[in-house]
file start-v4.pdb (PDB, C-alpha atoms)
ATOM      1  CA  MET A 166       4.250  92.372 157.255
ATOM      2  CA  SER A 167       6.221  94.858 159.392
ATOM      3  CA  GLU A 168       9.163  93.470 161.383
ATOM      4  CA  THR A 169       7.771  95.068 164.540
ATOM      5  CA  THR A 170       4.971  92.533 164.772
ATOM      6  CA  ALA A 171       1.799  92.908 166.744
ATOM      7  CA  LYS A 172       1.343  91.047 169.979
ATOM      8  CA  GLY A 173       0.507  87.418 169.368
ATOM      9  CA  GLU A 174       2.069  87.299 165.914
ATOM     10  CA  ARG A 175       5.203  85.257 165.204
ATOM     11  CA  PRO A 176       8.293  87.472 165.819
ATOM     12  CA  GLU A 177      10.136  88.403 162.623
ATOM     13  CA  SER A 178      13.444  86.517 162.414
ATOM     14  CA  SER A 179      14.734  86.910 158.869
ATOM     15  CA  SER A 180      18.452  86.734 158.213
ATOM     16  CA  GLY A 181      18.257  90.177 156.629
ATOM     17  CA  ALA A 182      16.906  91.777 159.792
ATOM     18  CA  MET A 183      19.508  90.036 161.934
ATOM     19  CA  ARG A 184      22.262  91.096 159.571
ATOM     20  CA  ARG A 185      21.181  94.746 159.848
ATOM     21  CA  VAL A 186      21.364  94.574 163.635
ATOM     22  CA  VAL A 187      24.763  92.918 163.666
ATOM     23  CA  GLU A 188      26.228  95.282 161.075
ATOM     24  CA  ARG A 189      24.937  98.369 162.895
ATOM     25  CA  VAL A 190      26.277  97.278 166.268
ATOM     26  CA  GLU A 191      29.618  96.293 164.695
ATOM     27  CA  GLN A 192      29.792  99.816 163.264
ATOM     28  CA  LEU A 193      29.201 101.256 166.731
ATOM     29  CA  VAL A 194      31.796  98.955 168.311
ATOM     30  CA  PHE A 195      34.545  99.418 165.733
ATOM     31  CA  GLU A 196      34.015 102.968 164.497
ATOM     32  CA  GLU A 197      31.997 105.089 166.888
ATOM     33  CA  LEU A 198      32.340 103.977 170.517
ATOM     34  CA  GLU A 199      35.200 103.117 172.869
ATOM     35  CA  PRO A 200      35.441 100.060 175.178
ATOM     36  CA  GLY A 201      33.207 100.545 178.209
ATOM     37  CA  HIS A 202      30.770 102.873 176.422
ATOM     38  CA  GLU A 203      27.084 102.001 176.491
ATOM     39  CA  LEU A 204      25.249 100.951 173.344
ATOM     40  CA  PRO A 205      21.792 102.272 172.487
ATOM     41  CA  SER A 206      18.877 100.500 174.163
ATOM     42  CA  GLU A 207      17.077  97.574 172.540
ATOM     43  CA  GLY A 208      14.075  99.783 171.871
ATOM     44  CA  SER A 209      16.153 102.514 170.281
ATOM     45  CA  LEU A 210      17.960 100.091 167.970
ATOM     46  CA  ALA A 211      14.724  98.329 167.060
ATOM     47  CA  ALA A 212      13.085 101.636 166.110
ATOM     48  CA  ASP A 213      16.100 102.919 164.169
ATOM     49  CA  LEU A 214      16.519  99.699 162.189
ATOM     50  CA  GLY A 215      12.850  98.827 161.742
ATOM     51  CA  VAL A 216      13.196  95.422 163.387
ATOM     52  CA  SER A 217      11.650  93.725 166.411
ATOM     53  CA  ARG A 218      13.141  93.889 169.891
ATOM     54  CA  LEU A 219      13.485  90.100 169.719
ATOM     55  CA  THR A 220      15.690  90.427 166.646
ATOM     56  CA  VAL A 221      17.841  93.038 168.420
ATOM     57  CA  ARG A 222      18.111  90.792 171.483
ATOM     58  CA  GLU A 223      19.238  87.802 169.424
ATOM     59  CA  GLY A 224      21.759  89.947 167.569
ATOM     60  CA  MET A 225      23.158  91.126 170.903
ATOM     61  CA  ARG A 226      23.525  87.504 172.038
ATOM     62  CA  GLN A 227      25.547  86.707 168.931
ATOM     63  CA  LEU A 228      27.790  89.726 169.412
ATOM     64  CA  SER A 229      28.250  88.909 173.090
ATOM     65  CA  ALA A 230      29.265  85.341 172.183
ATOM     66  CA  ARG A 231      31.891  86.814 169.858
ATOM     67  CA  GLY A 232      33.262  88.916 172.719
ATOM     68  CA  LEU A 233      32.414  92.256 171.088
ATOM     69  CA  ILE A 234      29.951  93.460 173.720
ATOM     70  CA  GLU A 235      29.135  92.740 177.351
ATOM     71  CA  VAL A 236      25.494  92.181 178.281
ATOM     72  CA  HIS A 237      24.273  92.520 181.867
ATOM     73  CA  ASN A 238      20.689  92.079 183.042
ATOM     74  CA  GLY A 239      18.920  95.364 183.651
ATOM     75  CA  ARG A 240      21.621  97.475 182.022
ATOM     76  CA  LYS A 241      22.457  98.599 178.532
ATOM     77  CA  PRO A 242      25.105  96.493 176.745
ATOM     78  CA  VAL A 243      28.579  98.022 176.673
ATOM     79  CA  VAL A 244      31.437  97.775 174.195
ATOM     80  CA  ALA A 245      33.881  95.077 175.355
ATOM     81  CA  ALA A 246      37.609  95.615 175.520
ATOM     82  CA  PRO A 247      39.540  93.737 172.813
ATOM     83  CA  ASN A 248      39.704  90.042 173.675
ATOM     84  CA  GLY A 249      40.184  86.641 172.076
ATOM     85  CA  LYS A 250      37.103  84.914 173.481
ATOM     86  CA  GLY A 251      36.269  83.080 170.266
ATOM     87  CA  VAL A 252      39.840  81.830 169.921
ATOM     88  CA  GLY A 253      39.895  80.500 173.459
ATOM     89  CA  ASP A 254      36.562  78.752 173.040
ATOM     90  CA  PHE A 255      37.760  77.055 169.859
ATOM     91  CA  PHE A 256      40.872  75.596 171.484
ATOM     92  CA  ARG A 257      39.001  74.472 174.611
ATOM     93  CA  THR A 258      36.427  72.656 172.479
ATOM     94  CA  ALA A 259      39.033  71.016 170.241
ATOM     95  CA  ILE A 260      40.991  69.657 173.196
ATOM     96  CA  ARG A 261      37.915  68.329 175.000
ATOM     97  CA  ARG A 262      36.966  66.410 171.861
ATOM     98  CA  ASP A 263      40.438  64.976 171.287
ATOM     99  CA  PRO A 264      43.219  65.244 173.902
ATOM    100  CA  ARG A 265      45.802  64.585 171.184
ATOM    101  CA  ALA A 266      44.961  68.063 169.875
ATOM    102  CA  LEU A 267      47.315  69.215 172.634
ATOM    103  CA  LEU A 268      50.157  68.442 170.230
ATOM    104  CA  ASP A 269      48.542  70.663 167.603
ATOM    105  CA  LEU A 270      48.191  73.371 170.240
ATOM    106  CA  LEU A 271      51.888  73.046 171.004
ATOM    107  CA  GLU A 272      52.684  73.726 167.343
ATOM    108  CA  VAL A 273      50.568  76.870 167.608
ATOM    109  CA  ARG A 274      52.570  77.869 170.682
ATOM    110  CA  GLN A 275      55.815  77.303 168.810
ATOM    111  CA  ALA A 276      54.623  79.638 166.066
ATOM    112  CA  ILE A 277      53.629  82.344 168.566
ATOM    113  CA  GLU A 278      55.792  82.130 171.660
ATOM    114  CA  VAL A 279      59.203  82.195 170.012
ATOM    115  CA  GLN A 280      58.273  85.619 168.632
ATOM    116  CA  VAL A 281      56.851  86.596 172.028
ATOM    117  CA  ALA A 282      60.231  85.850 173.616
ATOM    118  CA  VAL A 283      62.053  87.872 170.946
ATOM    119  CA  LEU A 284      59.794  90.871 171.489
ATOM    120  CA  ALA A 285      60.036  90.572 175.271
ATOM    121  CA  ALA A 286      63.831  90.727 175.010
ATOM    122  CA  ARG A 287      63.384  93.926 173.024
ATOM    123  CA  ASN A 288      60.699  95.602 175.110
ATOM    124  CA  ALA A 289      60.492  94.169 178.641
ATOM    125  CA  SER A 290      60.481  96.682 181.486
ATOM    126  CA  ARG A 291      62.368  96.176 184.730
ATOM    127  CA  ALA A 292      59.044  95.645 186.540
ATOM    128  CA  SER A 293      58.001  92.898 184.110
ATOM    129  CA  ILE A 294      61.349  91.145 184.527
ATOM    130  CA  VAL A 295      60.929  91.209 188.312
ATOM    131  CA  ALA A 296      57.401  89.770 187.954
ATOM    132  CA  MET A 297      58.645  86.960 185.688
ATOM    133  CA  GLN A 298      61.391  86.115 188.162
ATOM    134  CA  ALA A 299      58.767  85.888 190.894
ATOM    135  CA  ALA A 300      56.788  83.424 188.746
ATOM    136  CA  ILE A 301      59.904  81.258 188.307
ATOM    137  CA  ASP A 302      60.511  81.422 192.070
ATOM    138  CA  ASP A 303      56.930  80.197 192.577
ATOM    139  CA  MET A 304      57.615  77.326 190.177
ATOM    140  CA  ARG A 305      60.718  76.279 192.105
ATOM    141  CA  ARG A 306      58.812  76.481 195.380
ATOM    142  CA  THR A 307      55.992  74.234 194.118
ATOM    143  CA  VAL A 308      57.849  71.495 192.210
ATOM    144  CA  ASP A 309      56.135  68.936 194.468
ATOM    145  CA  GLU A 310      52.681  70.495 193.965
ATOM    146  CA  PRO A 311      51.772  69.972 190.284
ATOM    147  CA  ALA A 312      48.654  72.185 190.212
ATOM    148  CA  GLU A 313      50.400  75.160 191.801
ATOM    149  CA  PHE A 314      53.484  74.558 189.662
ATOM    150  CA  SER A 315      51.384  74.650 186.492
ATOM    151  CA  GLU A 316      49.662  77.903 187.517
ATOM    152  CA  ALA A 317      53.034  79.576 188.086
ATOM    153  CA  ASP A 318      54.212  78.229 184.719
ATOM    154  CA  ILE A 319      51.160  79.701 182.960
ATOM    155  CA  GLN A 320      51.674  83.008 184.752
ATOM    156  CA  PHE A 321      55.260  83.206 183.490
ATOM    157  CA  HIS A 322      54.125  82.807 179.885
ATOM    158  CA  GLU A 323      51.350  85.391 180.305
ATOM    159  CA  LEU A 324      53.816  87.855 181.840
ATOM    160  CA  LEU A 325      56.279  87.206 179.024
ATOM    161  CA  ALA A 326      53.557  87.957 176.473
ATOM    162  CA  ALA A 327      52.627  91.180 178.276
ATOM    163  CA  ALA A 328      56.308  92.163 178.279
ATOM    164  CA  SER A 329      56.385  91.812 174.486
ATOM    165  CA  GLY A 330      54.432  95.045 174.154
ATOM    166  CA  ASN A 331      52.134  93.470 171.531
ATOM    167  CA  GLN A 332      48.515  93.528 172.708
ATOM    168  CA  MET A 333      47.314  90.964 170.184
ATOM    169  CA  LEU A 334      49.943  88.435 171.246
ATOM    170  CA  THR A 335      49.118  89.114 174.883
ATOM    171  CA  ILE A 336      45.420  88.442 174.277
ATOM    172  CA  LEU A 337      46.182  85.229 172.359
ATOM    173  CA  ILE A 338      48.381  83.851 175.139
ATOM    174  CA  GLU A 339      45.821  84.772 177.805
ATOM    175  CA  GLU A 340      43.034  83.072 175.851
ATOM    176  CA  LEU A 341      45.137  79.923 175.481
ATOM    177  CA  SER A 342      45.648  79.712 179.252
ATOM    178  CA  ASP A 343      42.619  77.485 179.957
ATOM    179  CA  SER A 344      43.752  75.034 177.283
ATOM    180  CA  GLN A 345      47.264  75.241 178.657
ATOM    181  CA  ARG A 346      46.085  73.906 181.998
ATOM    182  CA  SER A 347      45.211  70.625 180.291
ATOM    183  CA  SER A 348      48.526  70.721 178.460
ATOM    184  CA  ARG A 349      50.519  71.322 181.646
ATOM    185  CA  VAL A 350      48.870  68.394 183.451
ATOM    186  CA  GLN A 351      49.855  66.072 180.611
ATOM    187  CA  SER A 352      53.350  67.473 180.148
ATOM    188  CA  VAL A 353      54.109  67.105 183.868
ATOM    189  CA  LEU A 354      52.910  63.491 183.660
ATOM    190  CA  GLY A 355      55.102  62.853 180.621
ATOM    191  CA  HIS A 356      58.061  64.566 182.271
ATOM    192  CA  GLU A 357      57.796  62.168 185.206
ATOM    193  CA  ARG A 358      57.393  59.144 182.904
ATOM    194  CA  LEU A 359      60.662  60.096 181.248
ATOM    195  CA  GLY A 360      62.333  60.132 184.663
ATOM    196  CA  ARG A 361      63.006  63.845 184.607
ATOM    197  CA  ARG A 362      62.653  66.425 187.378
ATOM    198  CA  LEU A 363      60.526  69.538 187.212
ATOM    199  CA  ASP A 364      63.564  71.564 188.263
ATOM    200  CA  GLU A 365      64.660  71.221 184.623
ATOM    201  CA  VAL A 366      61.512  73.059 183.513
ATOM    202  CA  CYS A 367      62.330  75.854 185.955
ATOM    203  CA  ASP A 368      65.828  76.066 184.481
ATOM    204  CA  GLN A 369      64.365  76.349 180.966
ATOM    205  CA  HIS A 370      62.230  79.311 182.027
ATOM    206  CA  ALA A 371      65.191  80.880 183.790
ATOM    207  CA  ALA A 372      67.225  80.594 180.573
ATOM    208  CA  ILE A 373      64.508  82.458 178.663
ATOM    209  CA  LEU A 374      64.372  85.195 181.295
ATOM    210  CA  GLU A 375      68.151  85.535 181.387
ATOM    211  CA  CYS A 376      68.157  86.283 177.646
ATOM    212  CA  VAL A 377      65.277  88.735 178.038
ATOM    213  CA  GLU A 378      67.156  90.560 180.774
ATOM    214  CA  ARG A 379      70.304  90.741 178.590
ATOM    215  CA  ARG A 380      68.230  92.052 175.637
ATOM    216  CA  ASP A 381      69.420  89.032 173.680
ATOM    217  CA  GLU A 382      66.582  88.638 171.181
ATOM    218  CA  ALA A 383      68.059  85.706 169.255
ATOM    219  CA  GLY A 384      68.961  83.929 172.492
ATOM    220  CA  ALA A 385      65.472  84.418 173.932
ATOM    221  CA  GLY A 386      63.896  82.949 170.808
ATOM    222  CA  ALA A 387      66.286  79.984 170.858
ATOM    223  CA  ALA A 388      65.670  79.378 174.581
ATOM    224  CA  MET A 389      61.908  79.385 174.044
ATOM    225  CA  ARG A 390      62.248  77.023 171.081
ATOM    226  CA  ALA A 391      64.315  74.620 173.208
ATOM    227  CA  HIS A 392      61.752  74.799 176.026
ATOM    228  CA  LEU A 393      58.865  73.985 173.698
ATOM    229  CA  ARG A 394      60.785  71.091 172.111
ATOM    230  CA  SER A 395      61.231  69.668 175.598
ATOM    231  CA  THR A 396      57.519  70.165 176.263
ATOM    232  CA  GLU A 397      56.761  68.291 173.040
ATOM    233  CA  ARG A 398      58.771  65.296 174.254
ATOM    234  CA  ASP A 399      56.891  65.345 177.553
ATOM    235  CA  LEU A 400      53.477  65.567 175.903
ATOM    236  CA  THR A 401      54.295  62.786 173.469
ATOM    237  CA  ALA A 402      55.334  60.547 176.359
ATOM    238  CA  ALA A 403      52.094  61.322 178.228
ATOM    239  CA  LEU A 404      49.812  60.708 175.253
ATOM    240  CA  ARG A 405      51.264  57.391 174.091
TER     241      ARG A 405
END

call {"tool": "encode", "arguments": {"input": "start-v4.pdb", "output": "structure tokens"}}
result
Amino acid sequence: MSETTAKGERPESSSGAMRRVVERVEQLVFEELEPGHELPSEGSLAADLGVSRLTVREGMRQLSARGLIEVHNGRKPVVAAPNGKGVGDFFRTAIRRDPRALLDLLEVRQAIEVQVAVLAARNASRASIVAMQAAIDDMRRTVDEPAEFSEADIQFHELLAAASGNQMLTILIEELSDSQRSSRVQSVLGHERLGRRLDEVCDQHAAILECVERRDEAGAGAAMRAHLRSTERDLTAALR
């Protein structure tokens, strides 16, 4: 039976047909088109690949879920800019299932953000340094407002990643931001349980930025490592 089934017949849904759709669109995304460019229409892809429109539509859903394309009603899908959607979804799901996964996430941060700080010390522009200082100023201004304090904290780390000059690291840190909101709530709670003030957290960020501004790569890495060790103590206290 042809994959383009007649009306009333069960739509073809074999794994082979789906694989052809996914592989063809991946080829377009990775080899032929740039982010923002439109993909061929459902009908065009279905005719070219000898599959049903339903198969094309399901393939597009899968690719959209992976963050490779953007699908909008009434318009052709477009190639998405590079992003870490799947990574972010994984961490959000893991933490919702088990809050203690926040400690695992912190180990991931230790593996990534020390290198981010090193690269930022090497590559940060004057404008990025000014923006990071503004984020620290926002943290100091909101030490009595935990939600606002946490948002400024997250912004500092995103700005630091952008200053590294490494797009992949920047995307990873941005995609971890939602999970980091849960982490920040817990670490602030643990910080208070240990009888410590949030001003100390501001000072830790300031120490990182000072090394970045001096182009002290080793110092920036060490300052970030010390900050994350302190965060680990706070999280452990909150999750007891």

call {"tool": "closest_residue", "arguments": {"input": "start-v4.pdb", "among": "A:Asp309, A:Asp381, A:Glu397, A:Glu316", "to": "Arg362 of chain A", "atoms": "only C-alpha atoms"}}
result
A:Asp309

call {"tool": "residues_near_point", "arguments": {"input": "start-v4.pdb", "point": "(55.7, 97.6, 173.0)", "cutoff": "9 Å", "atoms": "only C-alpha atoms", "output": "PyMOL selection string"}}
result
chain A and resi 284-285+287-289+327-332

call {"tool": "closest_residue", "arguments": {"input": "start-v4.pdb", "among": "A:Glu310, A:Glu197, A:Glu203, A:Glu278", "to": "His237 of chain A", "atoms": "all atoms listed in the file"}}
result
A:Glu203

call {"tool": "residues_around", "arguments": {"input": "start-v4.pdb", "residues": "Glu357 of chain A", "least_positions_apart": "5", "cutoff": "10 Å", "atoms": "only C-alpha atoms", "output": "MDAnalysis selection string"}}
result
chainID A and resid 351:352 362:363 399 402:403

call {"tool": "resolve_selection", "arguments": {"input": "start-v4.pdb", "expression": "the PyMOL selection byres ((chain A and resi 367-369) around 10)", "output": "mmCIF file with C-alpha atoms, in the coordinates of the input"}}
result
data_model
loop_
_atom_site.group_PDB
_atom_site.id
_atom_site.type_symbol
_atom_site.label_atom_id
_atom_site.label_comp_id
_atom_site.auth_asym_id
_atom_site.auth_seq_id
_atom_site.Cartn_x
_atom_site.Cartn_y
_atom_site.Cartn_z
ATOM 1 C CA ALA A 300 56.788 83.424 188.746
ATOM 2 C CA ILE A 301 59.904 81.258 188.307
ATOM 3 C CA ASP A 302 60.511 81.422 192.070
ATOM 4 C CA ASP A 303 56.930 80.197 192.577
ATOM 5 C CA MET A 304 57.615 77.326 190.177
ATOM 6 C CA ARG A 305 60.718 76.279 192.105
ATOM 7 C CA VAL A 308 57.849 71.495 192.210
ATOM 8 C CA PHE A 314 53.484 74.558 189.662
ATOM 9 C CA ASP A 318 54.212 78.229 184.719
ATOM 10 C CA ARG A 362 62.653 66.425 187.378
ATOM 11 C CA LEU A 363 60.526 69.538 187.212
ATOM 12 C CA ASP A 364 63.564 71.564 188.263
ATOM 13 C CA GLU A 365 64.660 71.221 184.623
ATOM 14 C CA VAL A 366 61.512 73.059 183.513
ATOM 15 C CA HIS A 370 62.230 79.311 182.027
ATOM 16 C CA ALA A 371 65.191 80.880 183.790
ATOM 17 C CA ALA A 372 67.225 80.594 180.573
ATOM 18 C CA ILE A 373 64.508 82.458 178.663
ATOM 19 C CA LEU A 374 64.372 85.195 181.295
ATOM 20 C CA GLU A 375 68.151 85.535 181.387
ATOM 21 C CA ALA A 388 65.670 79.378 174.581
ATOM 22 C CA MET A 389 61.908 79.385 174.044
ATOM 23 C CA ALA A 391 64.315 74.620 173.208
ATOM 24 C CA HIS A 392 61.752 74.799 176.026
ATOM 25 C CA LEU A 393 58.865 73.985 173.698
ATOM 26 C CA SER A 395 61.231 69.668 175.598
#

call {"tool": "atom_distance", "arguments": {"input": "start-v4.pdb", "atom1": "atom CA of Arg265 of chain A", "atom2": "atom CA of Leu324 of chain A"}}
result
26.8 Å

call {"tool": "closest_residue", "arguments": {"input": "start-v4.pdb", "among": "A:Ala296, A:Val190, A:Ala312, A:Val350", "to": "Leu325 of chain A", "atoms": "all atoms listed in the file"}}
result
A:Ala296

call {"tool": "atom_distance", "arguments": {"input": "start-v4.pdb", "atom1": "atom CA of Arg257 of chain A", "atom2": "atom CA of Ser344 of chain A"}}
result
5.5 Å

call {"tool": "axis_aligned_box", "arguments": {"input": "start-v4.pdb", "around": "segment 238-242 of chain A", "padding_each_side": "4 Å", "output": "JSON"}}
result
{"center_x": 22.0, "center_y": 95.3, "center_z": 180.2, "size_x": 14.2, "size_y": 14.5, "size_z": 14.9}

call {"tool": "closest_residue", "arguments": {"input": "start-v4.pdb", "among": "A:Leu268, A:Leu204, A:Ala326, A:Met225", "to": "Arg398 of chain A", "atoms": "all atoms listed in the file"}}
result
A:Leu268

call {"tool": "atom_distance", "arguments": {"input": "start-v4.pdb", "atom1": "atom CA of Ile260 of chain A", "atom2": "atom CA of Glu339 of chain A"}}
result
16.5 Å

call {"tool": "build_atoms", "arguments": {"input": "start-v4.pdb", "residues": "segment 359-375 of chain A", "atoms": "N, CA, C and O atoms", "output": "PDB file, keeping the file's coordinate frame"}}
result
ATOM      1  N   LEU A 359      59.325  60.121 181.841  1.00  0.00           N
ATOM      2  CA  LEU A 359      60.662  60.096 181.248  1.00  0.00           C
ATOM      3  C   LEU A 359      61.759  60.143 182.308  1.00  0.00           C
ATOM      4  O   LEU A 359      62.948  60.188 181.963  1.00  0.00           O
ATOM      5  N   GLY A 360      61.352  60.146 183.579  1.00  0.00           N
ATOM      6  CA  GLY A 360      62.333  60.132 184.663  1.00  0.00           C
ATOM      7  C   GLY A 360      63.043  61.454 184.854  1.00  0.00           C
ATOM      8  O   GLY A 360      64.174  61.488 185.354  1.00  0.00           O
ATOM      9  N   ARG A 361      62.383  62.526 184.504  1.00  0.00           N
ATOM     10  CA  ARG A 361      63.006  63.845 184.607  1.00  0.00           C
ATOM     11  C   ARG A 361      62.382  64.617 185.763  1.00  0.00           C
ATOM     12  O   ARG A 361      61.267  64.346 186.191  1.00  0.00           O
ATOM     13  N   ARG A 362      63.112  65.614 186.251  1.00  0.00           N
ATOM     14  CA  ARG A 362      62.653  66.425 187.378  1.00  0.00           C
ATOM     15  C   ARG A 362      62.101  67.758 186.875  1.00  0.00           C
ATOM     16  O   ARG A 362      62.568  68.305 185.872  1.00  0.00           O
ATOM     17  N   LEU A 363      61.121  68.268 187.607  1.00  0.00           N
ATOM     18  CA  LEU A 363      60.526  69.538 187.212  1.00  0.00           C
ATOM     19  C   LEU A 363      61.486  70.709 187.388  1.00  0.00           C
ATOM     20  O   LEU A 363      61.272  71.782 186.811  1.00  0.00           O
ATOM     21  N   ASP A 364      62.541  70.514 188.157  1.00  0.00           N
ATOM     22  CA  ASP A 364      63.564  71.564 188.263  1.00  0.00           C
ATOM     23  C   ASP A 364      64.116  71.924 186.880  1.00  0.00           C
ATOM     24  O   ASP A 364      64.492  73.077 186.640  1.00  0.00           O
ATOM     25  N   GLU A 365      64.161  70.948 185.982  1.00  0.00           N
ATOM     26  CA  GLU A 365      64.660  71.221 184.623  1.00  0.00           C
ATOM     27  C   GLU A 365      63.766  72.229 183.909  1.00  0.00           C
ATOM     28  O   GLU A 365      64.244  73.077 183.152  1.00  0.00           O
ATOM     29  N   VAL A 366      62.451  72.122 184.133  1.00  0.00           N
ATOM     30  CA  VAL A 366      61.512  73.059 183.513  1.00  0.00           C
ATOM     31  C   VAL A 366      61.747  74.469 184.058  1.00  0.00           C
ATOM     32  O   VAL A 366      61.717  75.455 183.309  1.00  0.00           O
ATOM     33  N   CYS A 367      62.000  74.556 185.360  1.00  0.00           N
ATOM     34  CA  CYS A 367      62.330  75.854 185.955  1.00  0.00           C
ATOM     35  C   CYS A 367      63.576  76.439 185.303  1.00  0.00           C
ATOM     36  O   CYS A 367      63.632  77.644 184.994  1.00  0.00           O
ATOM     37  N   ASP A 368      64.578  75.598 185.102  1.00  0.00           N
ATOM     38  CA  ASP A 368      65.828  76.066 184.481  1.00  0.00           C
ATOM     39  C   ASP A 368      65.586  76.562 183.059  1.00  0.00           C
ATOM     40  O   ASP A 368      66.211  77.539 182.624  1.00  0.00           O
ATOM     41  N   GLN A 369      64.674  75.907 182.330  1.00  0.00           N
ATOM     42  CA  GLN A 369      64.365  76.349 180.966  1.00  0.00           C
ATOM     43  C   GLN A 369      63.740  77.744 180.977  1.00  0.00           C
ATOM     44  O   GLN A 369      64.069  78.593 180.148  1.00  0.00           O
ATOM     45  N   HIS A 370      62.841  77.982 181.920  1.00  0.00           N
ATOM     46  CA  HIS A 370      62.230  79.311 182.027  1.00  0.00           C
ATOM     47  C   HIS A 370      63.266  80.349 182.445  1.00  0.00           C
ATOM     48  O   HIS A 370      63.258  81.488 181.949  1.00  0.00           O
ATOM     49  N   ALA A 371      64.146  79.954 183.352  1.00  0.00           N
ATOM     50  CA  ALA A 371      65.191  80.880 183.790  1.00  0.00           C
ATOM     51  C   ALA A 371      66.110  81.261 182.627  1.00  0.00           C
ATOM     52  O   ALA A 371      66.561  82.408 182.528  1.00  0.00           O
ATOM     53  N   ALA A 372      66.381  80.306 181.737  1.00  0.00           N
ATOM     54  CA  ALA A 372      67.225  80.594 180.573  1.00  0.00           C
ATOM     55  C   ALA A 372      66.552  81.607 179.649  1.00  0.00           C
ATOM     56  O   ALA A 372      67.218  82.498 179.094  1.00  0.00           O
ATOM     57  N   ILE A 373      65.244  81.480 179.480  1.00  0.00           N
ATOM     58  CA  ILE A 373      64.508  82.458 178.663  1.00  0.00           C
ATOM     59  C   ILE A 373      64.612  83.835 179.299  1.00  0.00           C
ATOM     60  O   ILE A 373      64.926  84.832 178.626  1.00  0.00           O
ATOM     61  N   LEU A 374      64.355  83.900 180.607  1.00  0.00           N
ATOM     62  CA  LEU A 374      64.372  85.195 181.295  1.00  0.00           C
ATOM     63  C   LEU A 374      65.764  85.823 181.284  1.00  0.00           C
ATOM     64  O   LEU A 374      65.897  87.049 181.128  1.00  0.00           O
ATOM     65  N   GLU A 375      66.782  85.009 181.423  1.00  0.00           N
ATOM     66  CA  GLU A 375      68.151  85.535 181.387  1.00  0.00           C
ATOM     67  C   GLU A 375      68.423  86.243 180.063  1.00  0.00           C
ATOM     68  O   GLU A 375      69.012  87.322 180.021  1.00  0.00           O
TER      69      GLU A 375
END
